[in-house]
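Source file: coords32.tsv; contents: TSV, C-alpha atoms.
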```tsv
chain	number	residue	atom	x	y	z
A	986	MET	CA	0.00	0.00	0.00
A	987	SER	CA	1.44	3.38	-0.90
A	988	ILE	CA	2.03	5.76	1.94
A	989	ALA	CA	0.26	8.50	-0.02
A	990	ALA	CA	-2.95	6.42	0.05
A	991	TYR	CA	-2.74	6.03	3.84
A	992	ILE	CA	-2.16	9.74	4.28
A	993	ALA	CA	-5.07	10.59	1.97
A	994	VAL	CA	-7.47	8.32	3.91
A	995	MET	CA	-6.36	9.80	7.24
A	996	ALA	CA	-6.74	13.36	5.97
A	997	ILE	CA	-10.13	12.87	4.30
A	998	VAL	CA	-11.79	11.01	7.19
A	999	THR	CA	-10.49	13.51	9.73
A	1000	TYR	CA	-11.57	16.51	7.65
A	1001	LEU	CA	-15.09	15.17	6.99
A	1002	ILE	CA	-15.66	14.55	10.71
A	1003	ARG	CA	-14.84	18.18	11.43
A	1004	MET	CA	-16.42	19.73	8.38
A	1005	LEU	CA	-19.88	18.11	8.07
A	1006	PRO	CA	-21.34	19.33	11.40
A	1007	PHE	CA	-19.50	22.64	11.21
A	1008	ALA	CA	-20.56	23.57	7.68
A	1009	PHE	CA	-24.04	22.13	7.41
A	1010	PHE	CA	-25.60	22.45	10.84
A	1011	ARG	CA	-27.34	25.83	10.63
A	1012	LYS	CA	-30.18	25.63	13.12
A	1013	LYS	CA	-30.04	27.42	16.41
A	1014	ILE	CA	-30.65	24.77	19.03
A	1015	LYS	CA	-33.69	25.69	21.16
A	1016	SER	CA	-33.74	22.84	23.66
A	1017	LYS	CA	-32.51	24.00	27.05
A	1018	PHE	CA	-31.15	20.54	27.76
A	1019	ILE	CA	-29.09	20.34	24.54
A	1020	LYS	CA	-27.84	23.89	25.01
A	1021	SER	CA	-26.79	23.13	28.57
A	1022	MET	CA	-25.09	19.94	27.45
A	1023	LEU	CA	-23.13	21.69	24.70
A	1024	TYR	CA	-22.16	24.37	27.19
A	1025	TYR	CA	-20.63	21.74	29.49
A	1026	VAL	CA	-19.00	19.61	26.76
A	1027	PRO	CA	-15.74	21.59	26.42
A	1028	TYR	CA	-15.05	21.47	30.16
A	1029	ALA	CA	-15.90	17.77	30.27
A	1030	VAL	CA	-13.68	17.01	27.27
A	1031	LEU	CA	-10.69	18.91	28.63
A	1032	SER	CA	-11.06	17.38	32.06
A	1033	ALA	CA	-11.32	13.83	30.70
A	1034	MET	CA	-8.31	14.45	28.44
A	1035	THR	CA	-6.21	15.82	31.28
A	1036	ILE	CA	-7.02	13.28	34.01
A	1037	PRO	CA	-5.26	10.91	34.35
A	1038	ALA	CA	-3.08	11.54	31.26
A	1039	ILE	CA	-1.28	14.49	32.86
A	1040	PHE	CA	0.31	12.14	35.41
A	1041	TYR	CA	1.94	10.17	32.59
A	1042	SER	CA	2.84	13.18	30.47
A	1043	THR	CA	6.48	13.47	31.53
A	1044	GLY	CA	7.27	9.77	31.80
A	1045	ASN	CA	7.90	10.22	35.55
A	1046	PHE	CA	4.99	10.26	37.99
A	1047	VAL	CA	6.75	12.45	40.57
A	1048	THR	CA	7.74	15.25	38.17
A	1049	ALA	CA	4.29	15.14	36.55
A	1050	ALA	CA	2.47	15.25	39.90
A	1051	VAL	CA	4.45	18.23	41.19
A	1052	GLY	CA	4.03	19.98	37.80
A	1053	THR	CA	0.28	19.36	38.06
A	1054	ILE	CA	0.09	20.88	41.55
A	1055	VAL	CA	1.95	23.99	40.36
A	1056	ALA	CA	-0.35	24.27	37.32
A	1057	LEU	CA	-3.47	23.89	39.50
A	1058	ALA	CA	-2.29	26.57	41.91
A	1059	LEU	CA	-1.42	29.07	39.18
A	1060	ALA	CA	-4.65	28.34	37.30
A	1061	TYR	CA	-6.59	28.91	40.52
A	1062	TYR	CA	-5.11	32.41	40.70
A	1063	ASN	CA	-6.14	33.08	37.05
A	1064	LYS	CA	-2.61	33.24	35.63
A	1065	PRO	CA	-2.39	33.39	31.79
A	1066	LEU	CA	-2.44	30.10	29.84
A	1067	ILE	CA	1.16	30.30	28.74
A	1068	VAL	CA	2.41	31.06	32.27
A	1069	VAL	CA	0.58	28.07	33.74
A	1070	ALA	CA	1.71	25.77	30.91
A	1071	LEU	CA	5.39	26.70	31.01
A	1072	ALA	CA	5.54	26.80	34.83
A	1073	ALA	CA	4.27	23.21	34.87
A	1074	ALA	CA	6.99	22.14	32.41
A	1075	GLY	CA	9.69	24.13	34.22
A	1076	THR	CA	8.69	22.54	37.52
A	1077	ALA	CA	8.76	19.06	36.00
A	1078	LEU	CA	12.21	19.77	34.55
A	1079	ILE	CA	13.65	21.00	37.87
A	1080	ILE	CA	12.06	18.21	39.94
A	1081	GLY	CA	13.38	15.75	37.35
A	1082	MET	CA	16.93	16.73	38.29
A	1083	PHE	CA	16.35	15.31	41.77
A	1084	PHE	CA	14.08	12.31	41.16
B	621	MET	CA	-12.38	51.52	13.19
B	622	ASP	CA	-12.94	50.75	9.49
B	623	LYS	CA	-13.84	47.28	8.32
B	624	ASN	CA	-10.39	46.22	7.16
B	625	THR	CA	-8.75	47.26	10.41
B	626	LYS	CA	-11.38	45.32	12.34
B	627	ILE	CA	-10.81	42.18	10.27
B	628	LYS	CA	-7.07	42.53	10.75
B	629	SER	CA	-7.43	42.94	14.50
B	630	ASP	CA	-9.67	39.85	14.71
B	631	PHE	CA	-6.98	37.88	12.88
B	632	LEU	CA	-4.24	39.22	15.16
B	633	GLN	CA	-6.26	38.49	18.26
B	634	GLY	CA	-6.71	34.91	17.06
B	635	ALA	CA	-3.01	34.68	16.24
B	636	ALA	CA	-2.10	35.87	19.75
B	637	ASP	CA	-4.45	33.33	21.34
B	638	GLY	CA	-2.81	30.71	19.14
B	639	ILE	CA	0.68	31.28	20.55
B	640	PRO	CA	0.35	29.15	23.70
B	641	ILE	CA	-1.31	26.43	21.59
B	642	ALA	CA	1.54	26.56	19.06
B	643	LEU	CA	4.15	26.33	21.83
B	644	GLY	CA	2.43	23.30	23.28
B	645	TYR	CA	2.11	21.77	19.83
B	646	LEU	CA	5.82	22.27	19.12
B	647	SER	CA	6.85	19.82	21.80
B	648	VAL	CA	4.13	17.25	21.07
B	649	SER	CA	4.65	17.34	17.29
B	650	PHE	CA	8.41	17.21	17.77
B	651	GLY	CA	7.84	13.88	19.48
B	652	PHE	CA	5.49	12.81	16.68
B	653	GLY	CA	8.18	13.66	14.09
B	654	ILE	CA	10.73	11.48	15.88
B	655	VAL	CA	8.29	8.57	16.12
B	656	ALA	CA	7.15	8.90	12.49
B	657	VAL	CA	10.68	8.74	11.10
B	658	SER	CA	11.64	5.87	13.39
B	659	SER	CA	8.54	4.03	12.02
B	660	GLY	CA	9.96	4.30	8.52
B	661	LEU	CA	8.34	7.47	7.14
B	662	SER	CA	10.30	10.19	5.38
B	663	VAL	CA	10.58	13.70	6.80
B	664	MET	CA	8.30	14.95	4.02
B	665	GLU	CA	5.66	12.29	4.75
B	666	ALA	CA	5.69	13.07	8.47
B	667	PHE	CA	5.31	16.78	7.67
B	668	LEU	CA	2.48	16.07	5.22
B	669	ILE	CA	0.57	13.98	7.78
B	670	SER	CA	0.78	16.83	10.30
B	671	LEU	CA	-0.26	19.44	7.74
B	672	THR	CA	-3.29	17.47	6.52
B	673	ASN	CA	-4.46	15.97	9.83
B	674	LEU	CA	-3.65	18.46	12.57
B	675	THR	CA	-4.40	16.03	15.38
B	676	SER	CA	-2.21	14.10	17.82
B	677	ALA	CA	-3.84	10.80	18.78
B	678	GLY	CA	-5.13	10.07	15.26
B	679	GLN	CA	-1.74	10.73	13.70
B	680	ALA	CA	0.16	8.61	16.21
B	681	GLN	CA	-2.22	5.70	15.64
B	682	GLY	CA	-2.12	6.30	11.87
B	683	VAL	CA	1.66	5.94	11.84
B	684	ASN	CA	1.34	2.65	13.72
B	685	ILE	CA	-1.08	1.36	11.07
B	686	ILE	CA	1.24	2.43	8.25
B	687	ALA	CA	4.18	0.74	9.97
B	688	ALA	CA	2.13	-2.46	10.43
B	689	GLN	CA	0.88	-2.21	6.80
B	690	GLY	CA	-2.76	-2.30	7.87
B	691	THR	CA	-5.62	-1.97	5.40
B	692	LEU	CA	-7.09	1.36	4.32
B	693	LEU	CA	-10.41	0.31	5.87
B	694	GLU	CA	-8.72	-0.18	9.24
B	695	MET	CA	-7.11	3.22	8.82
B	696	ALA	CA	-10.47	4.87	8.04
B	697	LEU	CA	-12.26	3.18	10.97
B	698	VAL	CA	-9.54	3.96	13.49
B	699	GLN	CA	-9.39	7.60	12.41
B	700	PHE	CA	-13.16	7.78	12.60
B	701	ILE	CA	-13.31	6.46	16.16
B	702	ILE	CA	-10.36	8.43	17.51
B	703	ASN	CA	-11.48	11.66	15.87
B	704	ILE	CA	-15.28	11.44	16.22
B	705	ARG	CA	-15.00	13.81	19.18
B	706	TYR	CA	-14.31	16.58	16.67
B	707	ALA	CA	-17.84	16.19	15.28
B	708	LEU	CA	-19.21	17.02	18.73
B	709	MET	CA	-16.87	20.00	19.04
B	710	ALA	CA	-17.78	21.19	15.54
B	711	LEU	CA	-21.49	20.97	16.42
B	712	SER	CA	-20.90	22.94	19.61
B	713	LEU	CA	-18.92	25.63	17.77
B	714	SER	CA	-21.57	25.84	15.02
B	715	GLN	CA	-23.87	27.36	17.65
B	716	LYS	CA	-21.71	30.41	18.20
B	717	LEU	CA	-20.59	31.37	14.70
B	718	ASP	CA	-20.89	34.98	13.59
B	719	LYS	CA	-23.27	35.56	10.63
B	720	SER	CA	-20.27	36.45	8.42
B	721	PHE	CA	-19.35	32.75	8.59
B	722	THR	CA	-20.46	31.77	5.05
B	723	LEU	CA	-20.21	28.20	3.70
B	724	PRO	CA	-16.76	28.62	2.06
B	725	ARG	CA	-15.45	30.10	5.31
B	726	ARG	CA	-16.92	27.23	7.31
B	727	LEU	CA	-15.29	24.75	4.91
B	728	LEU	CA	-11.96	26.47	5.50
B	729	ALA	CA	-12.14	26.92	9.28
B	730	ALA	CA	-13.41	23.34	9.83
B	731	TYR	CA	-9.88	22.19	8.98
B	732	GLY	CA	-8.60	23.60	12.26
B	733	ILE	CA	-11.02	22.20	14.86
B	734	THR	CA	-8.64	20.55	17.34
B	735	ASP	CA	-9.07	19.93	21.07
B	736	GLU	CA	-7.02	23.01	21.96
B	737	ILE	CA	-8.46	25.37	19.32
B	738	PHE	CA	-11.94	24.22	20.28
B	739	ALA	CA	-11.20	24.84	23.94
B	740	VAL	CA	-10.10	28.41	23.34
B	741	CYS	CA	-12.82	29.23	20.76
B	742	SER	CA	-15.68	27.69	22.72
B	743	THR	CA	-14.84	29.46	25.97
B	744	LYS	CA	-14.25	32.84	24.26
B	745	GLN	CA	-16.87	35.51	25.01
B	746	GLY	CA	-19.27	36.37	22.19
B	747	LEU	CA	-19.68	35.08	18.62
B	748	LEU	CA	-16.79	33.62	16.64
B	749	LYS	CA	-15.51	35.59	13.64
B	750	PRO	CA	-13.93	33.74	10.70
B	751	GLN	CA	-10.81	35.92	10.87
B	752	TYR	CA	-10.35	35.12	14.56
B	753	MET	CA	-10.44	31.40	13.81
B	754	TYR	CA	-8.09	31.82	10.83
B	755	GLY	CA	-5.58	33.56	13.11
B	756	ILE	CA	-5.63	30.92	15.81
B	757	ILE	CA	-5.54	28.08	13.24
B	758	ALA	CA	-2.67	29.61	11.23
B	759	VAL	CA	-0.39	30.05	14.25
B	760	SER	CA	-1.29	26.66	15.74
B	761	THR	CA	-0.74	24.88	12.41
B	762	LEU	CA	2.63	26.59	12.08
B	763	GLY	CA	3.65	25.24	15.50
B	764	TRP	CA	2.33	21.75	14.73
B	765	THR	CA	4.03	21.40	11.32
B	766	ALA	CA	7.28	23.13	12.32
B	767	GLY	CA	7.60	20.86	15.37
B	768	THR	CA	6.97	17.77	13.24
B	769	PHE	CA	9.53	18.89	10.69
B	770	ALA	CA	12.14	19.62	13.34
B	771	GLY	CA	11.53	16.35	15.18
B	772	ALA	CA	11.60	14.31	11.98
B	773	ALA	CA	14.60	16.06	10.42
B	774	ALA	CA	16.83	16.43	13.41
B	775	GLY	CA	15.84	13.48	15.55
B	776	GLU	CA	16.57	14.07	19.17
B	777	ILE	CA	18.30	17.44	19.28
B	778	LEU	CA	16.96	18.33	22.68
B	779	PRO	CA	18.14	16.45	25.75
B	780	SER	CA	15.52	13.88	26.74
B	781	GLN	CA	14.93	15.58	30.13
B	782	ILE	CA	13.65	18.67	28.30
B	783	THR	CA	11.41	16.84	25.82
B	784	ALA	CA	9.99	14.77	28.70
B	785	ALA	CA	9.19	17.89	30.75
B	786	LEU	CA	7.56	19.54	27.72
B	787	GLY	CA	5.06	16.68	27.65
B	788	ILE	CA	3.05	18.43	30.37
B	789	VAL	CA	2.68	21.77	28.52
B	790	LEU	CA	-0.67	21.14	26.83
B	791	TYR	CA	-2.22	19.64	29.96
B	792	GLY	CA	-1.09	22.66	31.96
B	793	MET	CA	-2.85	24.84	29.44
B	794	PHE	CA	-6.04	22.78	29.77
B	795	LEU	CA	-6.02	23.29	33.53
B	796	ALA	CA	-5.58	27.03	33.02
B	797	ILE	CA	-8.68	27.00	30.81
B	798	ILE	CA	-11.01	24.98	33.04
B	799	ILE	CA	-10.06	25.97	36.60
B	800	PRO	CA	-10.97	29.71	36.66
B	801	PRO	CA	-14.60	29.25	35.46
B	802	ALA	CA	-14.98	26.27	37.84
B	803	LYS	CA	-14.47	28.67	40.76
B	804	LYS	CA	-17.51	30.69	39.64
B	805	GLU	CA	-19.99	28.03	38.50
B	806	LYS	CA	-21.03	24.91	40.40
B	807	GLY	CA	-22.12	23.22	37.17
B	808	ILE	CA	-18.68	23.62	35.59
B	809	LEU	CA	-16.94	22.38	38.73
B	810	ALA	CA	-19.26	19.35	38.80
B	811	VAL	CA	-18.76	18.50	35.12
B	812	ILE	CA	-14.98	18.69	35.52
B	813	LEU	CA	-14.97	16.43	38.58
B	814	ILE	CA	-17.35	13.87	37.06
B	815	ALA	CA	-15.45	13.71	33.75
B	816	ALA	CA	-12.11	13.38	35.55
B	817	ALA	CA	-13.41	10.62	37.83
B	818	LEU	CA	-14.92	8.64	34.93
B	819	SER	CA	-11.81	9.02	32.83
B	820	PHE	CA	-9.65	7.92	35.75
B	821	ILE	CA	-11.78	4.81	36.34
B	822	ALA	CA	-11.96	3.98	32.61
B	823	LYS	CA	-8.19	4.18	32.27
B	824	TYR	CA	-7.79	1.26	34.66
B	825	LEU	CA	-10.98	-0.71	33.98
B	826	LEU	CA	-10.87	-0.44	30.17
B	827	PRO	CA	-7.17	-0.16	29.35
B	828	ASP	CA	-7.60	-1.53	25.80
B	829	MET	CA	-10.23	0.95	24.61
B	830	PRO	CA	-8.88	3.63	22.23
B	831	GLY	CA	-8.21	6.79	24.24
B	832	GLY	CA	-10.24	9.09	21.98
B	833	PHE	CA	-13.28	6.86	22.36
B	834	VAL	CA	-13.04	6.62	26.15
B	835	MET	CA	-12.62	10.37	26.38
B	836	ILE	CA	-15.75	11.20	24.38
B	837	ILE	CA	-17.90	8.76	26.39
B	838	CYS	CA	-16.69	10.13	29.74
B	839	ALA	CA	-17.23	13.68	28.53
B	840	LEU	CA	-20.75	12.95	27.24
B	841	ILE	CA	-21.86	11.25	30.47
B	842	ALA	CA	-20.51	14.14	32.53
B	843	ALA	CA	-22.05	16.81	30.27
B	844	VAL	CA	-25.47	15.08	30.18
B	845	THR	CA	-25.47	14.64	33.95
B	846	CYS	CA	-24.67	18.29	34.57
B	847	ALA	CA	-27.13	19.48	31.91
B	848	LEU	CA	-29.84	17.68	33.90
B	849	ILE	CA	-28.73	18.82	37.35
B	850	PHE	CA	-27.46	22.32	36.51
B	851	PRO	CA	-29.34	23.50	33.37
B	852	LYS	CA	-28.22	26.86	31.98
B	853	GLU	CA	-30.97	29.40	32.69
B	854	ASP	CA	-30.28	32.02	30.03
B	855	ASP	CA	-28.35	32.74	26.87
B	856	GLU	CA	-25.19	34.02	28.46
B	857	GLN	CA	-22.93	31.96	26.23
```
This structure in structure tokens:
Amino acid sequence: MSIAAYIAVMAIVTYLIRMLPFAFFRKKIKSKFIKSMLYYVPYAVLSAMTIPAIFYSTGNFVTAAVGTIVALALAYYNKPLIVVALAAAGTALIIGMFF
Amino acid sequence: MDKNTKIKSDFLQGAADGIPIALGYLSVSFGFGIVAVSSGLSVMEAFLISLTNLTSAGQAQGVNIIAAQGTLLEMALVQFIINIRYALMALSLSQKLDKSFTLPRRLLAAYGITDEIFAVCSTKQGLLKPQYMYGIIAVSTLGWTAGTFAGAAAGEILPSQITAALGIVLYGMFLAIIIPPAKKEKGILAVILIAAALSFIAKYLLPDMPGGFVMIICALIAAVTCALIFPKEDDEQ
């Protein structure tokens, strides 16, 4: 099988999944339940993606756990995205020198 | 402000919001580039996959299928399952598009619906402008493809301690997105805790399920539960 064919299949399937609902769904949803659900979906998705994956993200549970605590604390005090993200990585790097 | 200046500033605002995403993508796609080349792909092929797919889990699994010489049907099904979450995100975003979002613009911007771009766009105040999405997508795509290229071309330039630590960048960004609103709204706090608990349990009870699939099920259960218990009263979103 040519690699170009694999890449084409990956690209087309992935694009159609994104494009069909985005381009062709034009109605404003009226149902309070559906609207509430869609409102909560992004938070649910991000939470499910982060936990427990964040604890495996550095290949070392200790560095990841300390990085997570630092990120949680900074996020709690409304620090900008990039500050929280890089502080977590910096913490993991420094802790990694000891563990 | 005249119309052109406004459009430009929307694009620039999107581009600025794309910078943390692009930085996170650099480290993840750098890793993808290394893996792709070690699985037998050329630098150009790795780059092309990142440019046309713009997704992490689907690409990583796609490279495995190519390396194992799987069938195209397997490739299509695996991509469908791992990436079906984007359909839900696209549907959610379709509810807050500005009226200047015509069909050709929707066809274009749909390319860039990723977890991170969705997160930023869906939690942004007000309606989404096409130029804002173009800005965030352009900068993010630059980070994703440049990181892939660098990882594939140069192999492991960075010491492994640094690439390992960079693995936490995107998750840190996710926490920075979800924690502040959780302090203000019980419903958001609840949906975050339920989704995290389900995902945690699923990780150990269903270790063989594809990650993208597990994630969307946990997220749906949590969102449905909170929609029933904490319905949104008005149209503040």
Please determine the contact residues of chain B with respect to chain A at a cut-off of 6 Å, counting only C-alpha atoms, and supply them as a short mmCIF file (atom, residue, chain, number, x, y, z; two decimals) with C-alpha atoms, in the coordinates of the input.
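The result, written out as iface-v4.cif:
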```cif
data_model
loop_
_atom_site.label_atom_id
_atom_site.label_comp_id
_atom_site.auth_asym_id
_atom_site.auth_seq_id
_atom_site.Cartn_x
_atom_site.Cartn_y
_atom_site.Cartn_z
CA PRO B 640 0.35 29.15 23.70
CA THR B 672 -3.29 17.47 6.52
CA ASN B 673 -4.46 15.97 9.83
CA TYR B 706 -14.31 16.58 16.67
CA ALA B 707 -17.84 16.19 15.28
CA ALA B 710 -17.78 21.19 15.54
CA LEU B 711 -21.49 20.97 16.42
CA SER B 712 -20.90 22.94 19.61
CA SER B 714 -21.57 25.84 15.02
CA ARG B 726 -16.92 27.23 7.31
CA ALA B 730 -13.41 23.34 9.83
CA ALA B 784 9.99 14.77 28.70
CA ALA B 785 9.19 17.89 30.75
CA LEU B 786 7.56 19.54 27.72
CA GLY B 787 5.06 16.68 27.65
CA ILE B 788 3.05 18.43 30.37
CA VAL B 789 2.68 21.77 28.52
CA TYR B 791 -2.22 19.64 29.96
CA GLY B 792 -1.09 22.66 31.96
CA MET B 793 -2.85 24.84 29.44
CA ALA B 796 -5.58 27.03 33.02
CA ILE B 799 -10.06 25.97 36.60
CA PRO B 800 -10.97 29.71 36.66
CA VAL B 811 -18.76 18.50 35.12
CA ILE B 812 -14.98 18.69 35.52
CA ALA B 815 -15.45 13.71 33.75
CA ALA B 816 -12.11 13.38 35.55
CA SER B 819 -11.81 9.02 32.83
CA PHE B 820 -9.65 7.92 35.75
CA MET B 835 -12.62 10.37 26.38
CA ALA B 839 -17.23 13.68 28.53
CA ALA B 843 -22.05 16.81 30.27
CA VAL B 844 -25.47 15.08 30.18
CA ALA B 847 -27.13 19.48 31.91
CA PRO B 851 -29.34 23.50 33.37
CA LYS B 852 -28.22 26.86 31.98
#
```
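Of the listed residues (B:Ser659, B:Ser649, B:Gln633, B:Ser676), B:Gln633 comes nearest to Met753 (chain B); the distances count all atoms listed in the file.
With distances restricted to all atoms listed in the file, B:Thr845 is the closest residue to Gly807 (chain B) from B:Ile701, B:Thr845, B:Val655, B:Leu840.
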Legend entry - All residues 7 Å or closer to region 678-686 of chain B, only C-alpha atoms, same chain fewer than 3 positions away omitted, as a PyMOL selection string: (chain A and resi 991) or (chain B and resi 652+656+675+689-690+695+699+702-703)
Legend entry - Atom pair CA of Glu805 (chain B) / CA of Leu643 (chain B): separation (Å): 29.4 Å
